[in-house]
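S.K.: Take a look at this one; I'll ask things after.
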Amino acid sequence: MRPLHRRVPIKGRGYSLMYQAFGPLMCNTYALMCDITKQTAIVDPSCQSPDEFEVLLESLEDAASIHHHGSDGNSYTVSHILLTHGHCDHVIGVKECLREWPRASLHLHGLEQENYDQAAEVGRQFGVHFTEPAHLPLPQPTDEIVDGQRIAIGDSIRLQAVHTPGHAPGHVAFCDDRPSDDTDGSVILSGDLLFRGSVGRTDFPNASIDDLYASLYRVYDKFHDDSIVLSGHTTATFLRKEKESNPFVAAAIQRPQDWWEEAKLRNGWQ
């Protein structure tokens with residue numbers, strides 16, 4: 001997996017962050033590991049094969065060895081599995097992760113239950129084949145994500161869940177918006193909301209282009225333009241760069257204020 005923790009504004013926040021694209025749809029899996037406790041969160045486990053899962057394991061072991069403390073050597077604990085949404089390419093590795101770390105909590109927004117339950121069936125249409133026994137349902141979430149909640153992992157990782165529907169009705173972004181010495185920017189794990197030069201598709205039955213525009217507007221309203229965007233596909237980008245060059249962002253943030261007020265009311269946002 002590729003390390004990102006030296007990138008501004010991730011640098012200096014007290015955790016290691018790495019990612020790797022897995023599966024036929026090249027979906028990014030992210031791992032955040034507290035430098036002190038080595039408690040770890042996996043975001044969108046997309047490993048489809050045993051070889052891909054081995055890459056994840058080896059990367060976590062390597063990261064833990066850099067920041068080992070005390071008698072436990074370089075051990076680490078995956079305590080959280082966080083899902084930005086329930087589409088097949090983002091959840092295919094859930095079974096394998098929970099077999100490896102059975103005490104980990106599994107977090108999903110309640111509006112994503114339908115997508116999550118149908119992930120294996122829909123996945124076959126996209127060449128995403130779940131591991132055996134594929135006929136068994138995915139493990140059910142232990143924790144329902146609520147907009148605005150703060151998720152703590154170890155001593156140094158604090159992620160705010162931000163509801164960002166459009167690509168999927170219960171889509172969320174996980175954001176570290178705490179102050180940093182280097183920049184005013186936040187760290188945004190955006191799932192399939194925003195990509196470098198593009199956005200998540202909205203041609204699924206429960207997707208909505210209007211909600212996607214509202215979510216983009218919301219992200220730009222909440223976070224500084226220097227924020228880094230770690231998306232579900234493609235490489236990292238920044239809010240400022242996408243504001244300057246992404247036509248979907250331009251279309252969203254130019255919407256009128258009355259449209260934005262209606263969108264907030266519709267989605268129950270503060």
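Every chain in the structure tokens takes a letter, A first, then B, and so on in the order presented; its residues are numbered from 1, and the ligands are numbered from 1 following the presented order.
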So that I can see what lies close to Gly185 (chain A), please list as number ranges by chain the residues with an atom at most 7 Å from it, counting only C-alpha atoms and leaving out residues fewer than 5 positions away in the same chain.
M.R.: A: 9, 224-228
S.K.: Mind dumping the selected residues with C-alpha atoms as a short mmCIF file (atom, residue, chain, number, x, y, z; two decimals), in the first residue's frame?
M.R.:
data_model
loop_
_atom_site.label_atom_id
_atom_site.label_comp_id
_atom_site.auth_asym_id
_atom_site.auth_seq_id
_atom_site.Cartn_x
_atom_site.Cartn_y
_atom_site.Cartn_z
CA PRO A 9 -2.43 18.30 5.43
CA HIS A 224 -11.18 24.86 3.60
CA ASP A 225 -10.05 24.80 -0.02
CA ASP A 226 -6.65 23.45 1.08
CA SER A 227 -8.28 20.19 2.21
CA ILE A 228 -6.96 17.01 0.65
#
S.K.: Write out as an MDAnalysis selection string which residues come within 8 Å of Phe130 (chain A) when counting only C-alpha atoms, dropping same-chain ones fewer than 6 positions away.
M.R.: chainID A and resid 48 92 120 123
S.K.: Any chance you could export the current selection's C-alpha atoms as a tab-separated table (two decimals), in the first residue's frame?
M.R.:
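The file below, selection_36.tsv, is the result:
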chain	number	residue	atom	x	y	z
A	48	GLN	CA	-11.25	-9.29	-3.73
A	92	ILE	CA	-16.25	-6.93	-0.94
A	120	ALA	CA	-23.01	-9.50	-3.95
A	123	GLY	CA	-21.37	-7.14	-8.02
S.K.: Using only C-alpha atoms, determine which residues lie at most 9 Å from Val199 (chain A), disregarding the query and same-chain residues fewer than 6 positions distant; provide the list as a ChimeraX atom specification.
M.R.: /A:167,192-193,212,246,248-249
S.K.: Let's have the selection written as an mmCIF file, in the first residue's frame, with N, CA, C and O atoms.
M.R.:
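Written output follows (out-v5.cif):
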data_model
loop_
_atom_site.group_PDB
_atom_site.id
_atom_site.type_symbol
_atom_site.label_atom_id
_atom_site.label_comp_id
_atom_site.auth_asym_id
_atom_site.auth_seq_id
_atom_site.Cartn_x
_atom_site.Cartn_y
_atom_site.Cartn_z
ATOM 1 N N HIS A 167 -24.431 9.843 -5.029
ATOM 2 C CA HIS A 167 -23.971 8.581 -5.613
ATOM 3 C C HIS A 167 -24.722 7.414 -4.979
ATOM 4 O O HIS A 167 -25.015 6.417 -5.650
ATOM 5 N N ASP A 192 -17.056 7.909 -3.069
ATOM 6 C CA ASP A 192 -17.335 8.164 -4.483
ATOM 7 C C ASP A 192 -18.108 9.459 -4.701
ATOM 8 O O ASP A 192 -18.847 9.598 -5.677
ATOM 9 N N LEU A 193 -17.937 10.411 -3.790
ATOM 10 C CA LEU A 193 -18.524 11.734 -4.003
ATOM 11 C C LEU A 193 -17.741 12.520 -5.036
ATOM 12 O O LEU A 193 -18.308 12.997 -6.026
ATOM 13 N N LEU A 212 -26.244 14.858 -5.225
ATOM 14 C CA LEU A 212 -24.799 14.894 -5.381
ATOM 15 C C LEU A 212 -24.304 16.341 -5.443
ATOM 16 O O LEU A 212 -23.313 16.698 -4.803
ATOM 17 N N ASN A 246 -12.822 21.253 -12.129
ATOM 18 C CA ASN A 246 -13.817 20.182 -12.216
ATOM 19 C C ASN A 246 -15.181 20.784 -12.570
ATOM 20 O O ASN A 246 -15.753 21.543 -11.779
ATOM 21 N N PHE A 248 -18.147 19.575 -12.615
ATOM 22 C CA PHE A 248 -19.233 19.188 -11.717
ATOM 23 C C PHE A 248 -19.209 20.031 -10.438
ATOM 24 O O PHE A 248 -20.261 20.411 -9.922
ATOM 25 N N VAL A 249 -18.021 20.329 -9.944
ATOM 26 C CA VAL A 249 -17.904 21.193 -8.774
ATOM 27 C C VAL A 249 -18.400 22.594 -9.105
ATOM 28 O O VAL A 249 -19.155 23.207 -8.333
#
S.K.: Write out as a PDB file with N, CA and C atoms, in the first residue's frame which residues come within 12 Å of Glu242 (chain A) when counting only C-alpha atoms, dropping same-chain ones fewer than 2 positions away.
M.R.:
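selection.pdb was written with the following content:
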ATOM      1  N   LEU A 194     -16.432  12.653  -4.816  1.00  0.00           N
ATOM      2  CA  LEU A 194     -15.605  13.552  -5.612  1.00  0.00           C
ATOM      3  C   LEU A 194     -14.313  12.859  -5.989  1.00  0.00           C
ATOM      4  N   PHE A 195     -13.991  12.925  -7.275  1.00  0.00           N
ATOM      5  CA  PHE A 195     -12.744  12.384  -7.797  1.00  0.00           C
ATOM      6  C   PHE A 195     -11.907  13.504  -8.417  1.00  0.00           C
ATOM      7  N   ARG A 196     -10.685  13.175  -8.735  1.00  0.00           N
ATOM      8  CA  ARG A 196      -9.862  14.094  -9.525  1.00  0.00           C
ATOM      9  C   ARG A 196     -10.512  14.264 -10.908  1.00  0.00           C
ATOM     10  N   GLY A 197     -11.063  15.420 -11.160  1.00  0.00           N
ATOM     11  CA  GLY A 197     -11.653  15.738 -12.457  1.00  0.00           C
ATOM     12  C   GLY A 197     -13.042  15.205 -12.692  1.00  0.00           C
ATOM     13  N   SER A 198     -13.642  14.545 -11.710  1.00  0.00           N
ATOM     14  CA  SER A 198     -14.958  13.964 -11.943  1.00  0.00           C
ATOM     15  C   SER A 198     -15.684  13.785 -10.614  1.00  0.00           C
ATOM     16  N   VAL A 199     -16.827  13.075 -10.660  1.00  0.00           N
ATOM     17  CA  VAL A 199     -17.619  12.770  -9.469  1.00  0.00           C
ATOM     18  C   VAL A 199     -18.170  11.354  -9.610  1.00  0.00           C
ATOM     19  N   LEU A 216     -21.736  18.165  -2.790  1.00  0.00           N
ATOM     20  CA  LEU A 216     -20.544  18.926  -3.166  1.00  0.00           C
ATOM     21  C   LEU A 216     -20.605  20.334  -2.581  1.00  0.00           C
ATOM     22  N   VAL A 219     -19.753  20.125   1.132  1.00  0.00           N
ATOM     23  CA  VAL A 219     -18.337  19.926   1.424  1.00  0.00           C
ATOM     24  C   VAL A 219     -17.556  21.227   1.254  1.00  0.00           C
ATOM     25  N   TYR A 220     -17.847  21.959   0.192  1.00  0.00           N
ATOM     26  CA  TYR A 220     -17.144  23.227  -0.018  1.00  0.00           C
ATOM     27  C   TYR A 220     -17.570  24.282   0.992  1.00  0.00           C
ATOM     28  N   ASP A 225     -10.461  25.206   1.323  1.00  0.00           N
ATOM     29  CA  ASP A 225     -10.046  24.796  -0.018  1.00  0.00           C
ATOM     30  C   ASP A 225      -8.723  24.046  -0.034  1.00  0.00           C
ATOM     31  N   ASP A 226      -7.915  24.175   1.017  1.00  0.00           N
ATOM     32  CA  ASP A 226      -6.647  23.446   1.081  1.00  0.00           C
ATOM     33  C   ASP A 226      -6.816  22.006   1.549  1.00  0.00           C
ATOM     34  N   SER A 227      -8.033  21.566   1.758  1.00  0.00           N
ATOM     35  CA  SER A 227      -8.282  20.194   2.207  1.00  0.00           C
ATOM     36  C   SER A 227      -7.904  19.187   1.129  1.00  0.00           C
ATOM     37  N   ILE A 228      -7.309  18.088   1.563  1.00  0.00           N
ATOM     38  CA  ILE A 228      -6.960  17.008   0.647  1.00  0.00           C
ATOM     39  C   ILE A 228      -8.150  16.060   0.523  1.00  0.00           C
ATOM     40  N   VAL A 229      -8.386  15.565  -0.682  1.00  0.00           N
ATOM     41  CA  VAL A 229      -9.496  14.676  -0.974  1.00  0.00           C
ATOM     42  C   VAL A 229      -8.923  13.304  -1.330  1.00  0.00           C
ATOM     43  N   ALA A 236      -5.152  11.132  -5.073  1.00  0.00           N
ATOM     44  CA  ALA A 236      -5.542  12.255  -4.222  1.00  0.00           C
ATOM     45  C   ALA A 236      -5.608  13.557  -5.005  1.00  0.00           C
ATOM     46  N   THR A 237      -6.474  14.443  -4.534  1.00  0.00           N
ATOM     47  CA  THR A 237      -6.566  15.779  -5.097  1.00  0.00           C
ATOM     48  C   THR A 237      -6.881  16.744  -3.960  1.00  0.00           C
ATOM     49  N   PHE A 238      -7.166  17.992  -4.285  1.00  0.00           N
ATOM     50  CA  PHE A 238      -7.482  19.005  -3.280  1.00  0.00           C
ATOM     51  C   PHE A 238      -8.757  19.730  -3.678  1.00  0.00           C
ATOM     52  N   LEU A 239      -9.496  20.203  -2.677  1.00  0.00           N
ATOM     53  CA  LEU A 239     -10.722  20.945  -2.976  1.00  0.00           C
ATOM     54  C   LEU A 239     -10.432  22.129  -3.889  1.00  0.00           C
ATOM     55  N   ARG A 240      -9.338  22.836  -3.641  1.00  0.00           N
ATOM     56  CA  ARG A 240      -9.018  24.003  -4.460  1.00  0.00           C
ATOM     57  C   ARG A 240      -8.810  23.616  -5.925  1.00  0.00           C
ATOM     58  N   GLU A 244     -11.158  24.711  -9.292  1.00  0.00           N
ATOM     59  CA  GLU A 244     -10.604  25.417 -10.447  1.00  0.00           C
ATOM     60  C   GLU A 244     -10.806  24.678 -11.764  1.00  0.00           C
ATOM     61  N   SER A 245     -10.986  23.335 -11.702  1.00  0.00           N
ATOM     62  CA  SER A 245     -10.934  22.584 -12.958  1.00  0.00           C
ATOM     63  C   SER A 245     -12.047  21.558 -13.158  1.00  0.00           C
ATOM     64  N   ASN A 246     -12.822  21.253 -12.129  1.00  0.00           N
ATOM     65  CA  ASN A 246     -13.817  20.182 -12.216  1.00  0.00           C
ATOM     66  C   ASN A 246     -15.181  20.784 -12.570  1.00  0.00           C
ATOM     67  N   PRO A 247     -15.733  20.480 -13.733  1.00  0.00           N
ATOM     68  CA  PRO A 247     -17.007  21.106 -14.145  1.00  0.00           C
ATOM     69  C   PRO A 247     -18.177  20.741 -13.237  1.00  0.00           C
ATOM     70  N   PHE A 248     -18.147  19.575 -12.615  1.00  0.00           N
ATOM     71  CA  PHE A 248     -19.233  19.188 -11.717  1.00  0.00           C
ATOM     72  C   PHE A 248     -19.209  20.031 -10.438  1.00  0.00           C
ATOM     73  N   VAL A 249     -18.021  20.329  -9.944  1.00  0.00           N
ATOM     74  CA  VAL A 249     -17.904  21.193  -8.774  1.00  0.00           C
ATOM     75  C   VAL A 249     -18.400  22.594  -9.105  1.00  0.00           C
ATOM     76  N   ALA A 250     -18.010  23.098 -10.270  1.00  0.00           N
ATOM     77  CA  ALA A 250     -18.460  24.427 -10.678  1.00  0.00           C
ATOM     78  C   ALA A 250     -19.980  24.491 -10.749  1.00  0.00           C
ATOM     79  N   ALA A 251     -20.584  23.463 -11.310  1.00  0.00           N
ATOM     80  CA  ALA A 251     -22.044  23.438 -11.424  1.00  0.00           C
ATOM     81  C   ALA A 251     -22.707  23.404 -10.055  1.00  0.00           C
ATOM     82  N   ALA A 252     -22.070  22.756  -9.085  1.00  0.00           N
ATOM     83  CA  ALA A 252     -22.657  22.626  -7.755  1.00  0.00           C
ATOM     84  C   ALA A 252     -22.555  23.907  -6.950  1.00  0.00           C
ATOM     85  N   ILE A 253     -21.367  24.482  -6.873  1.00  0.00           N
ATOM     86  CA  ILE A 253     -21.171  25.617  -5.965  1.00  0.00           C
ATOM     87  C   ILE A 253     -21.747  26.919  -6.511  1.00  0.00           C
TER      88      ILE A 253
END
S.K.: If we count only C-alpha atoms, what is near region 25-35 of chain A at a cut-off of 6 Å, once residues fewer than 6 positions away on the same chain are taken out, given as a list of chain:residue names?
M.R.: A:Gly14, A:Tyr15, A:Ser16, A:Leu17, A:Met18, A:Tyr19, A:Ala41, A:Ile42, A:Val43, A:Asp44, A:Pro45, A:Ser46, A:His67, A:Gly154, A:Ser156, A:Gly232, A:His233
S.K.: Pick out the residues sitting within 8 Å of Leu189 (chain A), and hand them over as number ranges by chain; count only C-alpha atoms, and ignore anything fewer than 3 positions along from it in its own chain.
M.R.: A: 173-175, 229-232
S.K.: Of the residues A:Arg6, A:Lys11, A:Lys243, A:Arg255, which is the one nearest to Pro179 (chain A), using only C-alpha atoms?
M.R.: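 Selected residue with least distance to Pro179 (chain A): A:Lys11.
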S.K.: Quick one: residues within 10 Å of His171 (chain A), only C-alpha atoms counted, chain neighbours fewer than 3 positions away excluded, as an mmCIF file with N, CA and C atoms, in the first residue's frame?
M.R.:
data_model
loop_
_atom_site.group_PDB
_atom_site.id
_atom_site.type_symbol
_atom_site.label_atom_id
_atom_site.label_comp_id
_atom_site.auth_asym_id
_atom_site.auth_seq_id
_atom_site.Cartn_x
_atom_site.Cartn_y
_atom_site.Cartn_z
ATOM 1 N N LEU A 83 -17.394 2.178 6.291
ATOM 2 C CA LEU A 83 -17.869 2.087 4.915
ATOM 3 C C LEU A 83 -18.468 3.427 4.490
ATOM 4 N N THR A 84 -17.928 3.992 3.412
ATOM 5 C CA THR A 84 -18.508 5.239 2.898
ATOM 6 C C THR A 84 -19.888 5.004 2.305
ATOM 7 N N HIS A 85 -20.114 3.820 1.751
ATOM 8 C CA HIS A 85 -21.422 3.421 1.225
ATOM 9 C C HIS A 85 -21.408 1.916 0.973
ATOM 10 N N GLY A 86 -22.524 1.376 0.489
ATOM 11 C CA GLY A 86 -22.671 -0.061 0.433
ATOM 12 C C GLY A 86 -22.470 -0.699 -0.913
ATOM 13 N N HIS A 87 -21.898 -0.010 -1.896
ATOM 14 C CA HIS A 87 -21.706 -0.603 -3.221
ATOM 15 C C HIS A 87 -20.675 -1.734 -3.176
ATOM 16 N N LEU A 108 -21.850 1.681 9.032
ATOM 17 C CA LEU A 108 -22.531 1.977 7.778
ATOM 18 C C LEU A 108 -23.725 2.867 8.073
ATOM 19 N N HIS A 109 -23.988 3.827 7.187
ATOM 20 C CA HIS A 109 -25.177 4.678 7.327
ATOM 21 C C HIS A 109 -26.425 3.842 7.083
ATOM 22 N N GLY A 110 -27.490 4.125 7.827
ATOM 23 C CA GLY A 110 -28.709 3.338 7.737
ATOM 24 C C GLY A 110 -29.350 3.346 6.362
ATOM 25 N N LEU A 111 -29.201 4.426 5.607
ATOM 26 C CA LEU A 111 -29.804 4.504 4.281
ATOM 27 C C LEU A 111 -29.065 3.659 3.248
ATOM 28 N N GLU A 112 -27.951 3.036 3.660
ATOM 29 C CA GLU A 112 -27.195 2.183 2.743
ATOM 30 C C GLU A 112 -27.486 0.697 2.907
ATOM 31 N N ILE A 145 -24.046 4.720 11.206
ATOM 32 C CA ILE A 145 -23.436 6.046 11.119
ATOM 33 C C ILE A 145 -24.518 7.110 11.110
ATOM 34 N N ALA A 161 -18.176 11.980 10.559
ATOM 35 C CA ALA A 161 -18.967 11.427 9.465
ATOM 36 C C ALA A 161 -19.859 12.529 8.896
ATOM 37 N N VAL A 162 -19.742 12.771 7.612
ATOM 38 C CA VAL A 162 -20.520 13.823 6.942
ATOM 39 C C VAL A 162 -21.388 13.163 5.874
ATOM 40 N N HIS A 163 -22.691 13.259 6.018
ATOM 41 C CA HIS A 163 -23.613 12.667 5.059
ATOM 42 C C HIS A 163 -23.475 13.377 3.716
ATOM 43 N N THR A 164 -23.176 12.615 2.674
ATOM 44 C CA THR A 164 -22.949 13.193 1.337
ATOM 45 C C THR A 164 -23.674 12.336 0.293
ATOM 46 N N PRO A 165 -25.002 12.358 0.265
ATOM 47 C CA PRO A 165 -25.747 11.515 -0.670
ATOM 48 C C PRO A 165 -25.607 11.985 -2.112
ATOM 49 N N GLY A 166 -26.132 11.183 -3.009
ATOM 50 C CA GLY A 166 -26.089 11.482 -4.444
ATOM 51 C C GLY A 166 -25.676 10.248 -5.211
ATOM 52 N N HIS A 167 -24.431 9.843 -5.029
ATOM 53 C CA HIS A 167 -23.971 8.581 -5.613
ATOM 54 C C HIS A 167 -24.722 7.414 -4.979
ATOM 55 N N ALA A 168 -25.027 7.551 -3.713
ATOM 56 C CA ALA A 168 -25.807 6.570 -2.958
ATOM 57 C C ALA A 168 -26.523 7.331 -1.845
ATOM 58 N N SER A 190 -13.406 10.812 0.803
ATOM 59 C CA SER A 190 -14.653 11.238 0.170
ATOM 60 C C SER A 190 -15.447 10.115 -0.462
ATOM 61 N N GLY A 191 -14.939 8.868 -0.415
ATOM 62 C CA GLY A 191 -15.657 7.802 -1.099
ATOM 63 C C GLY A 191 -15.849 8.134 -2.567
ATOM 64 N N ASP A 192 -17.056 7.909 -3.069
ATOM 65 C CA ASP A 192 -17.335 8.164 -4.483
ATOM 66 C C ASP A 192 -18.108 9.459 -4.701
ATOM 67 N N LEU A 193 -17.937 10.411 -3.790
ATOM 68 C CA LEU A 193 -18.524 11.734 -4.003
ATOM 69 C C LEU A 193 -17.741 12.520 -5.036
ATOM 70 N N LEU A 212 -26.244 14.858 -5.225
ATOM 71 C CA LEU A 212 -24.799 14.894 -5.381
ATOM 72 C C LEU A 212 -24.304 16.341 -5.443
ATOM 73 N N SER A 215 -24.382 17.710 -1.994
ATOM 74 C CA SER A 215 -23.278 17.206 -1.179
ATOM 75 C C SER A 215 -21.968 17.916 -1.516
#
S.K.: So the first atom is CA of Trp101 (chain A) and the second is CA of Glu114 (chain A); what is the distance between them in Å, to one decimal place?
M.R.: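 Result for CA of Trp101 (chain A) versus CA of Glu114 (chain A): 24.6 Å, one decimal.
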S.K.: Which of these residues is nearest to Ile209 (chain A), using only C-alpha atoms: A:Pro169, A:Thr131, A:Thr77, A:Gln39?
M.R.: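 Of all the options, A:Pro169 lies closest to Ile209 (chain A).
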S.K.: Could you pull out the helix (DSSP H, G or I) residues of region 73-135 of chain A, going by DSSP on the backbone, and write them as an NGL selection string?
M.R.: :A and (88-91 or 94-100 or 110-117 or 119-126)
S.K.: Work out how far CA of Ile10 (chain A) is from CA of Val187 (chain A), in Å to one decimal.
M.R.: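 Result for CA of Val187 (chain A) versus CA of Ile10 (chain A): 6.4 Å, one decimal.
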S.K.: Among region 46-233 of chain A, which residues carry a DSSP assignment of strand (DSSP E), reported as JSON, numbers by chain?
M.R.: {"A": [77, 78, 79, 80, 81, 82, 105, 106, 107, 108, 109, 143, 144, 145, 150, 151, 152, 153, 157, 158, 159, 160, 161, 162, 163, 172, 173, 174, 175, 176, 187, 188, 189, 190, 191, 194, 195, 198, 199, 228, 229, 230, 231]}
S.K.: Quick one: of A:Leu4, A:Asp176, A:Ala214, A:Ile157, who's nearest to Arg266 (chain A), counting only C-alpha atoms?
M.R.: A:Ala214
S.K.: Using only C-alpha atoms, can you tell me which of A:Val55, A:Gln254, A:Asp147, A:Ala207 comes closest to Gln270 (chain A)?
M.R.: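 Using only C-alpha atoms, the shortest distance to Gln270 (chain A) belongs to A:Asp147.
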S.K.: Identify which of the residues A:Ile81, A:Ala119, A:Val8, A:Val91 lies closest to Ala104 (chain A), counting only C-alpha atoms when measuring atom-to-atom distances.
M.R.: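 Among the listed residues, A:Ile81 lies closest to Ala104 (chain A).
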